[in-house]
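Below is query.txt, which holds compact mmCIF, C-alpha atoms and all ligand atoms.
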# COMPACT_ATOMS: atom_id res chain seq x y z
CA MET I 1 -23.21 -4.27 -2.37
CA PRO I 2 -24.15 -4.28 1.30
CA ASN I 3 -24.80 -7.78 2.55
CA SER I 4 -28.30 -8.74 3.49
CA GLN I 5 -27.78 -9.28 7.23
CA THR I 6 -30.61 -7.84 9.27
CA THR I 7 -29.05 -8.26 12.72
CA SER I 8 -27.80 -5.11 14.47
CA PRO I 9 -24.21 -4.14 13.65
CA PRO I 10 -21.57 -5.68 15.93
CA SER I 11 -20.05 -3.52 18.66
CA SER I 12 -16.76 -5.37 18.49
CA ILE I 13 -14.95 -7.78 16.18
CA SER I 14 -11.96 -10.09 16.58
CA ILE I 15 -9.87 -10.82 13.52
CA ILE I 16 -6.59 -12.54 12.80
CA ARG I 17 -3.80 -9.97 13.18
CA PRO I 18 -3.52 -8.04 9.90
CA ASP I 19 -0.47 -7.39 7.71
CA ASP I 20 0.27 -4.25 5.75
CA TRP I 21 1.33 -5.22 2.22
CA HIS I 22 2.46 -1.69 1.26
CA LEU I 23 4.09 0.64 3.78
CA HIS I 24 6.52 3.57 3.84
CA VAL I 25 8.45 3.96 7.09
CA ARG I 26 11.24 6.28 5.85
CA ASP I 27 14.65 6.27 7.55
CA GLY I 28 16.61 8.14 10.21
CA ALA I 29 14.69 9.86 13.00
CA GLY I 30 11.41 9.66 11.05
CA LEU I 31 11.65 5.86 10.99
CA LYS I 32 11.77 5.70 14.79
CA SER I 33 8.67 7.91 14.99
CA VAL I 34 6.42 5.94 12.64
CA VAL I 35 7.35 2.24 12.45
CA PRO I 36 6.23 1.45 16.04
CA PHE I 37 2.62 2.21 15.03
CA THR I 38 2.64 -0.57 12.43
CA ALA I 39 4.63 -2.94 14.64
CA SER I 40 1.95 -2.60 17.30
CA GLN I 41 -0.95 -3.67 15.07
CA CYS I 42 0.43 -5.68 12.14
CA GLY I 43 2.28 -8.97 12.09
CA ARG I 44 4.24 -8.06 8.96
CA ALA I 45 4.62 -5.21 6.52
CA ILE I 46 6.05 -4.90 3.04
CA ILE I 47 8.54 -2.06 3.39
CA MET I 48 8.81 0.29 0.42
CA PRO I 49 12.34 1.00 -0.83
CA ASN I 50 11.97 4.62 -2.05
CA LEU I 51 14.58 6.14 0.27
CA THR I 52 17.33 8.52 -0.81
CA PRO I 53 19.38 6.72 -2.04
CA PRO I 54 16.91 3.97 -2.97
CA VAL I 55 17.23 0.43 -1.61
CA THR I 56 18.49 -1.28 -4.77
CA THR I 57 20.58 -4.12 -3.31
CA THR I 58 20.04 -6.94 -0.86
CA GLU I 59 22.87 -5.54 1.23
CA GLN I 60 21.07 -2.20 1.58
CA ALA I 61 17.80 -4.01 2.32
CA SER I 62 19.54 -5.93 5.06
CA SER I 63 20.83 -2.82 6.82
CA TYR I 64 17.46 -1.08 6.42
CA ARG I 65 15.82 -4.13 7.98
CA GLN I 66 18.19 -3.90 10.94
CA ALA I 67 17.38 -0.19 11.33
CA ILE I 68 13.69 -1.13 11.51
CA PHE I 69 14.34 -3.72 14.22
CA ASP I 70 16.38 -1.09 16.11
CA ALA I 71 13.40 1.28 15.96
CA ILE I 72 10.84 -1.07 17.53
CA ASP I 73 10.35 -2.75 20.87
CA LYS I 74 12.82 -5.59 21.38
CA ASN I 75 9.97 -7.92 22.37
CA SER I 76 7.93 -7.19 19.26
CA ASN I 77 7.19 -10.08 16.87
CA PHE I 78 6.78 -7.67 13.94
CA GLN I 79 8.48 -8.83 10.74
CA PRO I 80 9.52 -6.27 8.13
CA LEU I 81 9.38 -7.83 4.64
CA MET I 82 11.94 -6.01 2.54
CA THR I 83 11.75 -4.94 -1.10
CA LEU I 84 14.29 -3.90 -3.72
CA TYR I 85 13.83 -0.81 -5.88
CA LEU I 86 13.97 -1.84 -9.53
CA THR I 87 16.14 0.29 -11.84
CA ASP I 88 16.96 0.03 -15.54
CA THR I 89 20.17 -1.72 -14.53
CA THR I 90 19.17 -4.09 -11.70
CA PRO I 91 21.08 -7.25 -12.69
CA PRO I 92 19.35 -10.68 -12.70
CA GLU I 93 22.08 -11.86 -10.29
CA GLU I 94 20.79 -9.37 -7.69
CA ILE I 95 17.47 -11.23 -7.80
CA GLU I 96 19.24 -14.50 -7.04
CA THR I 97 21.07 -12.85 -4.14
CA ALA I 98 17.79 -11.38 -2.89
CA VAL I 99 15.97 -14.71 -2.94
CA ASP I 100 18.92 -16.53 -1.33
CA SER I 101 19.00 -13.97 1.49
CA GLY I 102 15.50 -14.93 2.65
CA ILE I 103 14.81 -11.33 3.71
CA VAL I 104 13.63 -9.83 0.42
CA SER I 105 9.97 -10.51 -0.37
CA ALA I 106 9.44 -8.49 -3.56
CA VAL I 107 10.78 -5.96 -6.04
CA LYS I 108 9.14 -2.56 -6.53
CA LEU I 109 8.65 -0.96 -9.94
CA TYR I 110 8.40 2.82 -9.91
CA PRO I 111 8.08 4.32 -13.38
CA ALA I 112 10.75 7.08 -13.35
CA GLY I 113 9.22 10.33 -12.13
CA ALA I 114 5.89 8.81 -10.99
CA THR I 115 6.07 9.73 -7.29
CA THR I 116 8.22 10.45 -4.21
CA ASN I 117 11.87 9.47 -4.81
CA SER I 118 11.20 7.75 -8.10
CA ASP I 119 13.84 9.54 -10.17
CA ALA I 120 15.98 6.40 -10.20
CA GLY I 121 12.99 4.32 -11.32
CA VAL I 122 12.46 2.46 -14.55
CA THR I 123 12.51 4.50 -17.80
CA ASP I 124 11.60 1.57 -20.07
CA ILE I 125 10.35 -1.75 -18.72
CA LYS I 126 11.95 -3.59 -21.65
CA LYS I 127 15.33 -2.75 -20.11
CA CYS I 128 14.34 -4.94 -17.14
CA TYR I 129 13.19 -8.02 -19.06
CA GLN I 130 16.10 -10.29 -18.07
CA THR I 131 15.63 -9.32 -14.46
CA LEU I 132 11.87 -9.93 -14.65
CA GLU I 133 12.63 -13.30 -16.28
CA MET I 134 14.66 -14.22 -13.20
CA MET I 135 11.93 -13.01 -10.84
CA GLN I 136 9.37 -15.12 -12.69
CA LYS I 137 11.66 -18.13 -12.50
CA LEU I 138 12.36 -17.71 -8.77
CA GLY I 139 8.82 -16.65 -7.81
CA LEU I 140 9.74 -13.18 -6.51
CA PRO I 141 6.74 -10.83 -6.86
CA LEU I 142 6.84 -7.53 -8.74
CA LEU I 143 5.00 -4.67 -7.00
CA VAL I 144 3.87 -2.07 -9.48
CA HIS I 145 3.20 1.63 -9.08
CA GLY I 146 0.78 1.67 -11.99
CA GLU I 147 0.81 5.16 -13.44
CA VAL I 148 2.26 6.51 -16.66
CA THR I 149 4.25 9.69 -16.24
CA HIS I 150 3.99 11.59 -19.53
CA GLN I 151 3.28 15.28 -19.04
CA ASP I 152 0.52 15.12 -21.65
CA ILE I 153 -1.51 12.47 -19.80
CA ASP I 154 -4.04 13.91 -17.36
CA ILE I 155 -3.22 12.96 -13.77
CA PHE I 156 -6.66 11.36 -13.32
CA ASP I 157 -6.08 9.09 -16.35
CA ARG I 158 -2.59 7.87 -15.52
CA GLU I 159 -3.61 4.56 -13.95
CA LYS I 160 -5.95 3.58 -16.78
CA LYS I 161 -3.30 4.52 -19.37
CA PHE I 162 -0.73 2.43 -17.49
CA ILE I 163 -2.97 -0.61 -17.76
CA ASP I 164 -3.47 -0.15 -21.49
CA GLN I 165 0.08 0.88 -22.38
CA ARG I 166 2.19 -1.17 -19.96
CA LEU I 167 0.43 -3.70 -17.77
CA VAL I 168 -1.45 -5.66 -20.44
CA SER I 169 1.80 -6.45 -22.27
CA LEU I 170 3.77 -7.03 -19.07
CA VAL I 171 1.45 -9.77 -17.81
CA LYS I 172 1.28 -11.24 -21.31
CA ASP I 173 5.07 -11.39 -21.59
CA PHE I 174 5.45 -12.80 -18.05
CA PRO I 175 2.36 -14.96 -17.51
CA GLU I 176 3.78 -16.60 -14.38
CA LEU I 177 5.33 -13.53 -12.78
CA LYS I 178 3.52 -12.64 -9.56
CA VAL I 179 2.38 -9.05 -9.95
CA VAL I 180 0.76 -6.84 -7.32
CA PHE I 181 -0.94 -3.82 -8.82
CA GLU I 182 -0.35 -1.44 -5.91
CA HIS I 183 -2.81 1.02 -4.36
CA ILE I 184 -5.40 0.71 -7.13
CA THR I 185 -7.72 3.69 -7.46
CA THR I 186 -10.03 3.04 -10.42
CA SER I 187 -12.77 0.67 -11.53
CA ASP I 188 -10.53 -0.03 -14.55
CA ALA I 189 -7.79 -1.36 -12.28
CA ALA I 190 -10.21 -3.46 -10.22
CA ASP I 191 -11.67 -4.94 -13.42
CA PHE I 192 -8.20 -5.63 -14.82
CA VAL I 193 -7.22 -7.55 -11.69
CA ILE I 194 -10.48 -9.52 -11.60
CA GLN I 195 -10.11 -10.69 -15.20
CA SER I 196 -6.36 -11.44 -14.94
CA SER I 197 -4.81 -14.77 -13.95
CA SER I 198 -4.22 -15.81 -10.36
CA TYR I 199 -0.69 -14.38 -10.66
CA VAL I 200 -2.11 -10.86 -10.54
CA ALA I 201 -3.41 -9.25 -7.33
CA ALA I 202 -3.88 -5.75 -5.92
CA THR I 203 -3.57 -3.74 -2.75
CA ILE I 204 -6.14 -1.11 -1.81
CA THR I 205 -5.50 1.69 0.69
CA ALA I 206 -7.92 2.75 3.41
CA HIS I 207 -7.87 6.33 2.15
CA HIS I 208 -8.96 5.32 -1.36
CA LEU I 209 -11.81 3.31 0.20
CA LEU I 210 -12.91 6.23 2.37
CA MET I 211 -12.45 9.31 0.19
CA ASN I 212 -12.96 10.67 -3.28
CA ARG I 213 -11.43 13.70 -4.99
CA ASN I 214 -14.01 16.06 -3.50
CA ASP I 215 -12.37 15.36 -0.14
CA MET I 216 -9.19 16.91 -1.53
CA LEU I 217 -10.59 19.79 -3.59
CA VAL I 218 -14.02 20.97 -2.42
CA GLY I 219 -14.25 23.79 0.12
CA GLY I 220 -10.53 24.54 -0.07
CA ILE I 221 -7.53 22.48 -1.12
CA LYS I 222 -6.47 19.87 1.44
CA PRO I 223 -2.76 19.10 1.07
CA HIS I 224 -3.02 16.24 3.57
CA HIS I 225 -5.44 14.48 1.21
CA TYR I 226 -3.02 14.68 -1.70
CA CYS I 227 -1.49 11.32 -2.52
CA LEU I 228 -0.47 9.33 -5.58
CA PRO I 229 -2.27 7.84 -7.32
CA ILE I 230 -4.50 10.85 -6.72
CA LEU I 231 -7.99 10.41 -5.22
CA LYS I 232 -10.52 9.72 -7.97
CA ARG I 233 -14.24 10.30 -8.50
CA GLU I 234 -16.91 8.60 -6.39
CA THR I 235 -17.78 5.90 -8.94
CA HIS I 236 -14.20 4.63 -8.69
CA ARG I 237 -14.28 4.65 -4.89
CA GLU I 238 -17.45 2.57 -5.04
CA ALA I 239 -15.77 0.08 -7.38
CA LEU I 240 -12.86 -0.26 -4.94
CA ILE I 241 -15.29 -0.94 -2.09
CA ARG I 242 -17.01 -3.62 -4.15
CA ALA I 243 -13.64 -5.25 -4.88
CA ALA I 244 -12.44 -5.09 -1.26
CA ILE I 245 -15.61 -6.63 0.20
CA SER I 246 -16.17 -9.10 -2.66
CA GLY I 247 -14.38 -12.01 -1.02
CA ASN I 248 -12.12 -12.25 -4.08
CA ASN I 249 -8.74 -13.29 -2.70
CA LYS I 250 -6.83 -11.08 -5.17
CA PHE I 251 -7.52 -7.94 -3.11
CA PHE I 252 -5.72 -7.22 0.12
CA MET I 253 -4.73 -4.50 2.58
CA GLY I 254 -1.82 -2.21 1.75
CA THR I 255 -2.05 1.15 3.50
CA ASP I 256 0.52 3.09 1.49
CA SER I 257 0.88 5.05 4.71
CA ALA I 258 3.39 7.65 3.52
CA PRO I 259 4.41 10.18 6.19
CA HIS I 260 5.85 13.53 5.19
CA SER I 261 6.63 16.35 7.60
CA LYS I 262 3.96 19.03 8.04
CA HIS I 263 6.47 21.43 6.56
CA ASN I 264 6.77 19.34 3.35
CA LYS I 265 2.98 18.97 2.97
CA GLU I 266 1.82 22.51 3.81
CA THR I 267 3.82 24.31 1.17
CA ALA I 268 3.54 25.67 -2.38
CA CYS I 269 4.65 22.33 -3.84
CA GLY I 270 3.62 19.68 -1.34
CA CYS I 271 4.64 16.03 -1.23
CA ALA I 272 2.22 13.19 -2.01
CA GLY I 273 1.19 10.84 0.76
CA MET I 274 -1.14 10.37 3.71
CA PHE I 275 -0.10 9.13 7.13
CA THR I 276 -2.55 6.40 8.17
CA ALA I 277 -0.40 3.78 9.92
CA PHE I 278 -1.33 5.09 13.39
CA ALA I 279 -4.87 3.72 12.82
CA ALA I 280 -4.59 1.49 9.78
CA ILE I 281 -6.94 -1.35 10.64
CA GLU I 282 -9.34 1.06 12.39
CA LEU I 283 -9.73 3.06 9.15
CA TYR I 284 -10.30 -0.11 7.11
CA ALA I 285 -12.84 -1.26 9.71
CA GLU I 286 -14.68 2.00 9.22
CA ALA I 287 -14.72 1.58 5.42
CA PHE I 288 -15.99 -2.01 5.67
CA ASP I 289 -18.52 -1.03 8.32
CA ASN I 290 -19.86 1.78 6.11
CA ALA I 291 -20.40 -0.87 3.43
CA ASP I 292 -22.10 -3.17 5.95
CA ALA I 293 -19.37 -5.75 5.30
CA LEU I 294 -17.39 -6.07 8.53
CA ASP I 295 -17.62 -9.84 8.09
CA LYS I 296 -15.33 -9.49 5.05
CA LEU I 297 -12.62 -7.45 6.80
CA GLU I 298 -10.51 -10.34 8.09
CA GLN I 299 -10.18 -11.97 4.71
CA PHE I 300 -9.00 -8.69 3.18
CA SER I 301 -6.71 -7.61 6.02
CA SER I 302 -5.31 -10.89 7.27
CA LEU I 303 -5.82 -13.82 4.86
CA ASN I 304 -5.60 -12.78 1.20
CA GLY I 305 -2.15 -11.18 1.44
CA PRO I 306 -0.38 -14.17 3.03
CA LEU I 307 -2.13 -16.47 0.55
CA PHE I 308 -0.73 -14.52 -2.41
CA TYR I 309 2.79 -14.33 -0.92
CA GLY I 310 2.74 -18.04 0.02
CA LEU I 311 2.92 -17.38 3.75
CA GLU I 312 0.90 -18.53 6.74
CA ALA I 313 -1.62 -16.12 8.22
CA ASN I 314 -0.62 -14.64 11.58
CA SER I 315 -1.38 -16.89 14.52
CA ASP I 316 -2.84 -14.36 16.96
CA LYS I 317 -5.87 -12.09 16.90
CA ILE I 318 -6.74 -8.47 17.54
CA THR I 319 -10.03 -7.07 18.78
CA LEU I 320 -11.62 -3.87 17.56
CA GLN I 321 -14.39 -2.06 19.35
CA ARG I 322 -16.92 0.38 17.94
CA GLU I 323 -15.81 3.46 19.87
CA LYS I 324 -15.31 7.00 18.59
CA TRP I 325 -11.99 8.60 19.47
CA THR I 326 -10.33 11.83 18.45
CA VAL I 327 -7.16 11.66 16.37
CA PRO I 328 -4.33 13.89 17.68
CA ASP I 329 -3.59 17.06 15.70
CA ALA I 330 -0.06 15.83 14.99
CA PHE I 331 2.46 13.12 15.81
CA ASP I 332 6.21 13.56 16.27
CA PHE I 333 8.14 12.83 13.09
CA GLY I 334 11.88 13.10 13.61
CA ASP I 335 12.61 16.80 14.26
CA ASP I 336 9.26 17.84 12.80
CA VAL I 337 5.67 16.60 13.07
CA VAL I 338 3.43 14.64 10.72
CA ILE I 339 -0.26 15.48 10.36
CA PRO I 340 -2.24 12.23 10.42
CA LEU I 341 -5.32 11.50 8.36
CA ARG I 342 -8.39 12.77 10.32
CA ALA I 343 -6.24 15.05 12.51
CA GLY I 344 -8.52 16.52 15.20
CA GLN I 345 -11.44 14.48 13.89
CA THR I 346 -12.85 11.13 14.93
CA ILE I 347 -12.44 7.48 13.92
CA ASN I 348 -15.25 5.06 14.76
CA TRP I 349 -13.20 2.00 15.69
CA LYS I 350 -10.51 1.36 18.27
CA ILE I 351 -8.22 -1.59 18.94
CA THR I 352 -8.82 -2.93 22.44
CA SER I 353 -6.43 -5.87 22.45
O1 LIG L 401 1.16 9.21 -2.04
C1 LIG L 401 2.19 8.56 -2.19
N1 LIG L 401 3.25 8.69 -1.36
N2 LIG L 401 2.27 7.73 -3.22
C2 LIG L 401 3.40 7.11 -3.54
O2 LIG L 401 3.41 6.41 -4.50
C3 LIG L 401 4.63 7.34 -2.77
C4 LIG L 401 4.34 7.79 -1.42
C5 LIG L 401 5.57 8.35 -0.72
O3 LIG L 401 6.58 7.66 -0.65
O4 LIG L 401 5.52 9.48 -0.23
ZN ZN L 402 3.62 3.71 -1.74

Show me this structure written as structure tokens.
Amino acid sequence: MPNSQTTSPPSSISIIRPDDWHLHVRDGAGLKSVVPFTASQCGRAIIMPNLTPPVTTTEQASSYRQAIFDAIDKNSNFQPLMTLYLTDTTPPEEIETAVDSGIVSAVKLYPAGATTNSDAGVTDIKKCYQTLEMMQKLGLPLLVHGEVTHQDIDIFDREKKFIDQRLVSLVKDFPELKVVFEHITTSDAADFVIQSSSYVAATITAHHLLMNRNDMLVGGIKPHHYCLPILKRETHREALIRAAISGNNKFFMGTDSAPHSKHNKETACGCAGMFTAFAAIELYAEAFDNADALDKLEQFSSLNGPLFYGLEANSDKITLQREKWTVPDAFDFGDDVVIPLRAGQTINWKITS
């Protein structure tokens, strides 16, 4: 619901520096191309572990973290918050090691086969119960890619089915496990989070706030708008907007910026993911502005996430100005290029400081 302010819309806003609670930065040459974008606008980011091979141990997370520091400006204050990739055989002891290290902030659950590099993911959550027990005990959050993967379940129903078939029992069996339902895309997911305990929260991407499935399928198929969970119908997008601007502290920013080379997107079997990190907060500002709720942006982008993770908010601010600018057609991405969201089109907001 738009708020009832009658004053003219602001031409600039200052907010506490945001954090990205769900980000893919890849590795190798691609890492060097993309992570500086996030380091320049966010204080912290939760770094997804779906590399090949996946980041399943604290030792791997530690070297990945170093690679991220090596890829950004030496004077940057950006903090990568590392995650471990949960498998059927992640031992509870690895959770103790992770917590002791102080560099691992969460564990990511990919149902096997759900998305990019998820083949090593979990085949049956029951196999992970001892490990989840340890996470609950030590307060390490579980980040959930919430989609079932059966061939017979329609791709547009996979999130709702995951809630009914997996998530309801998971939160019942682990009532004090911190769970982030990642990149939610449906009214069902928003409702589930709202009615769950304070241990359950959700991230919402900018692209799911700004687009529905027509943006992917009408007037020609748009491979750069293909992501997982897939864009849904307009009623779901509207429910996500309501959740994001509601002031409920369970909802926070997580871009799921997921760069793939142009070559791997514009092909007969293209990868899932949109590259949004180059203008993350600007895209969220646009979504909140469209809903006449810019006054709710800071809470979503900069306060709710740290609150859930038990961290302080960032101590500095950024300023955004209402100013249209044209997104480049492509950005370098290792030896290839990545096509950003809105390539060649405009974004209404710009960071000025
Ligand atoms: O669109 C997506 N891209 N969704 C995911 O869950 C994974 C991500 C990726 O890593 O490419
Ligand atoms: Zn992701």

Ligand LIG 401 (chain L): which residues are within 7 Å, counting only C-alpha atoms and all ligand atoms? Reply as an mmCIF file with C-alpha atoms, keeping the file's coordinate frame.
data_model
loop_
_atom_site.group_PDB
_atom_site.id
_atom_site.type_symbol
_atom_site.label_atom_id
_atom_site.label_comp_id
_atom_site.auth_asym_id
_atom_site.auth_seq_id
_atom_site.Cartn_x
_atom_site.Cartn_y
_atom_site.Cartn_z
ATOM 1 C CA HIS I 24 6.520 3.570 3.840
ATOM 2 C CA ASN I 50 11.970 4.620 -2.050
ATOM 3 C CA THR I 115 6.070 9.730 -7.290
ATOM 4 C CA THR I 116 8.220 10.450 -4.210
ATOM 5 C CA ASN I 117 11.870 9.470 -4.810
ATOM 6 C CA HIS I 145 3.200 1.630 -9.080
ATOM 7 C CA TYR I 226 -3.020 14.680 -1.700
ATOM 8 C CA CYS I 227 -1.490 11.320 -2.520
ATOM 9 C CA LEU I 228 -0.470 9.330 -5.580
ATOM 10 C CA PRO I 229 -2.270 7.840 -7.320
ATOM 11 C CA ASP I 256 0.520 3.090 1.490
ATOM 12 C CA ALA I 258 3.390 7.650 3.520
ATOM 13 C CA PRO I 259 4.410 10.180 6.190
ATOM 14 C CA HIS I 260 5.850 13.530 5.190
ATOM 15 C CA CYS I 271 4.640 16.030 -1.230
ATOM 16 C CA ALA I 272 2.220 13.190 -2.010
ATOM 17 C CA GLY I 273 1.190 10.840 0.760
ATOM 18 C CA MET I 274 -1.140 10.370 3.710
#

Would you list the residues near (18.5, -3.7, -5.7) (no more than 8 Å away, in the coordinates of the file, using all atoms listed in the file) as a PyMOL selection string?
-> chain I and resi 55-58+60+84-87+90+94-95

Export C-alpha atoms of the chosen residues as an mmCIF file, in the coordinates of the input?
data_model
loop_
_atom_site.group_PDB
_atom_site.id
_atom_site.type_symbol
_atom_site.label_atom_id
_atom_site.label_comp_id
_atom_site.auth_asym_id
_atom_site.auth_seq_id
_atom_site.Cartn_x
_atom_site.Cartn_y
_atom_site.Cartn_z
ATOM 1 C CA VAL I 55 17.230 0.430 -1.610
ATOM 2 C CA THR I 56 18.490 -1.280 -4.770
ATOM 3 C CA THR I 57 20.580 -4.120 -3.310
ATOM 4 C CA THR I 58 20.040 -6.940 -0.860
ATOM 5 C CA GLN I 60 21.070 -2.200 1.580
ATOM 6 C CA LEU I 84 14.290 -3.900 -3.720
ATOM 7 C CA TYR I 85 13.830 -0.810 -5.880
ATOM 8 C CA LEU I 86 13.970 -1.840 -9.530
ATOM 9 C CA THR I 87 16.140 0.290 -11.840
ATOM 10 C CA THR I 90 19.170 -4.090 -11.700
ATOM 11 C CA GLU I 94 20.790 -9.370 -7.690
ATOM 12 C CA ILE I 95 17.470 -11.230 -7.800
#

Could you give me, as number ranges by chain, the residues within 6 Å of region 331-346 of chain I, counting only C-alpha atoms and dropping anything in the same chain fewer than 2 positions from it?
-> I: 29-30, 33, 261-262, 275-276, 325-329

Expressed in Å, the length from CA of Ala202 (chain I) to CA of Val179 (chain I) is 8.1 Å

CA of Arg17 (chain I) to CA of Asn304 (chain I): how many Å, to one decimal?
-> 12.4 Å

Quick one: residues within 12 Å of Leu138 (chain I), all atoms listed in the file counted, chain neighbours fewer than 6 positions away excluded, as a ChimeraX atom specification?
-> /I:92-100,105-106,131-132,176-178

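In this comparison, which uses all atoms listed in the file, the residue of I:Glu234, I:Asp316, I:Glu182, I:Glu59 approaching ligand ZN 402 (chain L) most closely is I:Glu182.
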
Please tell me which residues are no farther than 12 Å from (2.8, 2.8, 5.6) in the file, counting all atoms listed in the file, and write them as number ranges by chain.
-> I: 19-26, 31, 34-39, 42, 44-49, 80, 183, 205-207, 253-260, 273-281, 340

Would you save the residues of that selection, restricted to C-alpha atoms, as a PDB file, in the coordinates of the input?
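The result, stored in result.pdb:
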ATOM      1  CA  ASP I  19      -0.470  -7.390   7.710  1.00  0.00           C
ATOM      2  CA  ASP I  20       0.270  -4.250   5.750  1.00  0.00           C
ATOM      3  CA  TRP I  21       1.330  -5.220   2.220  1.00  0.00           C
ATOM      4  CA  HIS I  22       2.460  -1.690   1.260  1.00  0.00           C
ATOM      5  CA  LEU I  23       4.090   0.640   3.780  1.00  0.00           C
ATOM      6  CA  HIS I  24       6.520   3.570   3.840  1.00  0.00           C
ATOM      7  CA  VAL I  25       8.450   3.960   7.090  1.00  0.00           C
ATOM      8  CA  ARG I  26      11.240   6.280   5.850  1.00  0.00           C
ATOM      9  CA  LEU I  31      11.650   5.860  10.990  1.00  0.00           C
ATOM     10  CA  VAL I  34       6.420   5.940  12.640  1.00  0.00           C
ATOM     11  CA  VAL I  35       7.350   2.240  12.450  1.00  0.00           C
ATOM     12  CA  PRO I  36       6.230   1.450  16.040  1.00  0.00           C
ATOM     13  CA  PHE I  37       2.620   2.210  15.030  1.00  0.00           C
ATOM     14  CA  THR I  38       2.640  -0.570  12.430  1.00  0.00           C
ATOM     15  CA  ALA I  39       4.630  -2.940  14.640  1.00  0.00           C
ATOM     16  CA  CYS I  42       0.430  -5.680  12.140  1.00  0.00           C
ATOM     17  CA  ARG I  44       4.240  -8.060   8.960  1.00  0.00           C
ATOM     18  CA  ALA I  45       4.620  -5.210   6.520  1.00  0.00           C
ATOM     19  CA  ILE I  46       6.050  -4.900   3.040  1.00  0.00           C
ATOM     20  CA  ILE I  47       8.540  -2.060   3.390  1.00  0.00           C
ATOM     21  CA  MET I  48       8.810   0.290   0.420  1.00  0.00           C
ATOM     22  CA  PRO I  49      12.340   1.000  -0.830  1.00  0.00           C
ATOM     23  CA  PRO I  80       9.520  -6.270   8.130  1.00  0.00           C
ATOM     24  CA  HIS I 183      -2.810   1.020  -4.360  1.00  0.00           C
ATOM     25  CA  THR I 205      -5.500   1.690   0.690  1.00  0.00           C
ATOM     26  CA  ALA I 206      -7.920   2.750   3.410  1.00  0.00           C
ATOM     27  CA  HIS I 207      -7.870   6.330   2.150  1.00  0.00           C
ATOM     28  CA  MET I 253      -4.730  -4.500   2.580  1.00  0.00           C
ATOM     29  CA  GLY I 254      -1.820  -2.210   1.750  1.00  0.00           C
ATOM     30  CA  THR I 255      -2.050   1.150   3.500  1.00  0.00           C
ATOM     31  CA  ASP I 256       0.520   3.090   1.490  1.00  0.00           C
ATOM     32  CA  SER I 257       0.880   5.050   4.710  1.00  0.00           C
ATOM     33  CA  ALA I 258       3.390   7.650   3.520  1.00  0.00           C
ATOM     34  CA  PRO I 259       4.410  10.180   6.190  1.00  0.00           C
ATOM     35  CA  HIS I 260       5.850  13.530   5.190  1.00  0.00           C
ATOM     36  CA  GLY I 273       1.190  10.840   0.760  1.00  0.00           C
ATOM     37  CA  MET I 274      -1.140  10.370   3.710  1.00  0.00           C
ATOM     38  CA  PHE I 275      -0.100   9.130   7.130  1.00  0.00           C
ATOM     39  CA  THR I 276      -2.550   6.400   8.170  1.00  0.00           C
ATOM     40  CA  ALA I 277      -0.400   3.780   9.920  1.00  0.00           C
ATOM     41  CA  PHE I 278      -1.330   5.090  13.390  1.00  0.00           C
ATOM     42  CA  ALA I 279      -4.870   3.720  12.820  1.00  0.00           C
ATOM     43  CA  ALA I 280      -4.590   1.490   9.780  1.00  0.00           C
ATOM     44  CA  ILE I 281      -6.940  -1.350  10.640  1.00  0.00           C
ATOM     45  CA  PRO I 340      -2.240  12.230  10.420  1.00  0.00           C
TER      46      PRO I 340
END

Skipping near chain neighbours, those fewer than 4 positions away, what residues fall within 7 Å of Tyr110 (chain I) using only C-alpha atoms, listed as a PyMOL selection string?
-> chain I and resi 114+118+121-122+144-145

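Shortest separation to ligand ZN 402 (chain L) among I:Asp70, I:Leu210, I:Ile230, I:His150 occurs at residue I:Ile230, atoms counted being only C-alpha atoms and all ligand atoms.
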
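You can rank I:Ile163, I:Leu240, I:Ile184, I:Ile16 by their closest distance to ligand ZN 402 (chain L) using all atoms listed in the file, and at the top of that list sits I:Ile184.
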